[in-house]
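For reference, the structure is listed below as structure tokens.
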Number of protein chains: 2
Amino acid sequence: MIKRLTIFGVGLIGGSLALALKRAGYCEHVVGCSRQESGLQKALELGVIDEYTLDPIEAVKGSDMVLLAVPMGAMGAVLASIKGHTDANAVITDAGSAKASVVAAAQAVFGDLPDYFVPAHPIAGREKSGVEAAIVDLYDDHKVIVTPLPETSSEAEQRVIAMWQAAGAQVESMSVKKHDHVLAATSHLPHVLAYSLVDTLSKSEVSDDIFHYAAGGFRDFTRIASSDPVMWRDICLENREAILQSIEDFQSNLQSLHDLVSDADSARIMDVFAHAKSVRDAYMKNQS
Amino acid sequence: MIKRLTIFGVGLIGGSLALALKRAGYCEHVVGCSRQESGLQKALELGVIDEYTLDPIEAVKGSDMVLLAVPMGAMGAVLASIKGHTDANAVITDAGSAKASVVAAAQAVFGDLPDYFVPAHPIAGREKSGVEAAIVDLYDDHKVIVTPLPETSSEAEQRVIAMWQAAGAQVESMSVKKHDHVLAATSHLPHVLAYSLVDTLSKSEVSDDIFHYAAGGFRDFTRIASSDPVMWRDICLENREAILQSIEDFQSNLQSLHDLVSDADSARIMDVFAHAKSVRDAYMKNQS
């Protein structure tokens, strides 16, 4: 149980967690904090939070759980604003899509990392954003990855795991490095490829025709190129090393496939396509 | 009106055309021909065709319209088998996904291209294939591209256009070269990228984790990697030059984006992502 939960950044991610914890009866009181009062007022009206304040120190006073659900570039500033002001039994966690950069921001603020800091990442989202998009079942059967550090206390980790489980999520732990690598491959790379494909096609001399004749497969393939560009730019900057490595691995594979097509190597093209299909079909089977 | 339509290869594409023309009352009699009797028998049972034969010469006798809906690698052999045996008023058309290779096959068979040969490409499909997958509304509001050659008579072109319109399609004409370029960009390149992405990830040292944590965006993005590998290998071979050019254009764009991420060039990453989002959003708006 959480007595008092403070959420910095009450948007889709933070708001949906608040709704899910209320549904579970797992949290007595939710306090919102951000720099924009209008969003907090809206969150209050929607019943997502119980009160709000614009003062970070006020916000964390008496809270046993503090969630940072702000853009990743703002994590350091929020941590600096609450440093030394959280309760003795408070746990601090976050919801950023890349973990090494959040850990680096925390290190810059705290020096030695506190044992009550638990980086985490809920793998869930919607195309809409903002507190109006918050829904109670956003995390149901979705995965949350917790990336405890050597400094993190087991008790703090367990409290964060229990919170996300109460919100309906399946929680798993892994290292920061592995998290960033896996997410670069499964999520960040596909977004980069989709943006790059649409950008490439828009610059073709026949781009009007290209978009005129594009059909269903293209629609699905490029859906993620309609994602929020600010958020994805930030993710590219925050998980830069892992994303660059993923792009390079992909470029190397694509170059090989290009060469097989250039050589008209029918058998080996077939091997690549058939292998990819079997892997993708197996993935879908495991999903259902 | 078509009096007698011969379809070589009665699968999803040919079978769905037959059903749509029957619905429109646009075709009196449909004859199926292929090398496998079992599929033709099935097509007859399903009411897709009115009769069948395994003999190509028999199949085209008395027909005023001949459709080649066989795999692209088989186009040349079918054309050779019917050369000199079609009726004086017959039009020959095809449904291949790449056009230059079909034209080259026809040239190899006929020498000078006949004025009654009209290359065409219906842009429609399903994940299932075979005559059992044929549906009457496959072409409704879908595009069919006709690529008449300098040798093609206007009358033959108009008869093919009228047939596809009767089947519910929106028909447009363009050059073979432009068709192959546009399709490489909108359809063939995305398939190559999806296959390459899944292949890349499957070879990662953490591939089990990658597929374990992949979420909704990944599912959509890789859906086309579950497409028929034989068909897509053939398309890569048949539209090789245009596909290679599309891959190279994409590689160049992706390398630029890689370098922007490497340089942490926040403003220019944002430009690319925001531009791509606006282009993709505009595309979706035009679709609806």
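Chain lettering (A, B, ...) mirrors the order of the structure tokens, residue numbering begins at 1 for each chain separately, and ligand numbering begins at 1 in order of display.
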
Need to verify the contact set: Leu19 of chain A, 9 Å, only C-alpha atoms, exclusion of same-chain residues closer than 5 positions in sequence. Can you return it as an mmCIF file with N, CA and C atoms, in the first residue's frame?
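Now in out.cif:
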```cif
data_model
loop_
_atom_site.group_PDB
_atom_site.id
_atom_site.type_symbol
_atom_site.label_atom_id
_atom_site.label_comp_id
_atom_site.auth_asym_id
_atom_site.auth_seq_id
_atom_site.Cartn_x
_atom_site.Cartn_y
_atom_site.Cartn_z
ATOM 1 N N GLY A 14 1.746 9.016 -16.042
ATOM 2 C CA GLY A 14 1.509 9.225 -14.613
ATOM 3 C C GLY A 14 0.024 9.156 -14.263
ATOM 4 N N ALA A 24 -7.300 -0.253 -7.759
ATOM 5 C CA ALA A 24 -6.848 -1.383 -6.937
ATOM 6 C C ALA A 24 -6.971 -1.080 -5.446
ATOM 7 N N GLY A 47 -10.431 13.626 -11.567
ATOM 8 C CA GLY A 47 -10.329 12.663 -10.476
ATOM 9 C C GLY A 47 -9.083 11.799 -10.547
ATOM 10 N N VAL A 48 -8.124 12.222 -11.359
ATOM 11 C CA VAL A 48 -6.882 11.450 -11.488
ATOM 12 C C VAL A 48 -5.993 11.663 -10.274
ATOM 13 N N ILE A 49 -5.966 12.906 -9.775
ATOM 14 C CA ILE A 49 -5.184 13.232 -8.569
ATOM 15 C C ILE A 49 -6.124 13.819 -7.513
ATOM 16 N N ALA A 134 -5.289 9.632 -20.257
ATOM 17 C CA ALA A 134 -5.032 8.628 -19.221
ATOM 18 C C ALA A 134 -6.219 7.665 -19.118
ATOM 19 N N ILE A 135 -5.916 6.368 -19.035
ATOM 20 C CA ILE A 135 -6.973 5.351 -18.911
ATOM 21 C C ILE A 135 -6.584 4.365 -17.816
ATOM 22 N N VAL A 136 -7.595 3.819 -17.169
ATOM 23 C CA VAL A 136 -7.364 2.975 -15.995
ATOM 24 C C VAL A 136 -6.663 1.664 -16.350
ATOM 25 N N ASP A 137 -6.848 1.184 -17.588
ATOM 26 C CA ASP A 137 -6.303 -0.140 -17.926
ATOM 27 C C ASP A 137 -5.073 -0.076 -18.824
ATOM 28 N N ALA A 167 -1.053 -2.033 -10.295
ATOM 29 C CA ALA A 167 -1.627 -1.307 -11.437
ATOM 30 C C ALA A 167 -1.955 -2.236 -12.597
#
```

Chain A contacts on chain B, only C-alpha atoms, 6 Å, as a PyMOL selection string: chain B and resi 182+186+195-196+198-200+210+214+220-221+225-226+229+233+250+254+270+273-274+276-277

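Closest approach to Gln170 of chain B from the set B:Asp140, B:Val70, B:Ala59, B:Thr93 is made by B:Asp140, with distances taken over only C-alpha atoms.
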
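If you look at atom CA of Met174 of chain A and atom CA of Leu67 of chain A, they are 19.3 Å away from each other.
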
All strand (DSSP E) residues (DSSP, backbone) inside segment 22-254 of chain B, as a VMD selection string: chain B and resid 27 to 33 51 to 53 65 to 68 91 to 94 117 to 118 120 to 122 143 to 146 170 to 173

Shell around Ala18 of chain A at 12 Å using only C-alpha atoms, local window under 3 positions removed, as a ChimeraX atom specification: /A:2,4-15,21-32,43-44,46-50,65-67,69,131,134-139,163-164,166-168

Pick from A:Ala120, A:Ala77, A:Val171, A:Val160, whichever lies nearest to Ala95 of chain A using only C-alpha atoms: A:Ala120

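Of the listed residues A:Pro56, A:Pro122, A:Gly96, A:Pro114, the one whose atoms come nearest to Ala80 of chain A is A:Pro56, with distances taken using only C-alpha atoms.
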
DSSP alpha helix (DSSP H) residues within segment 43-237 of chain B, listed as a PyMOL selection string: chain B and resi 43-45+56-60+75-82+100-110+154-166+176-183+189-202+207-213+216-221+229-237
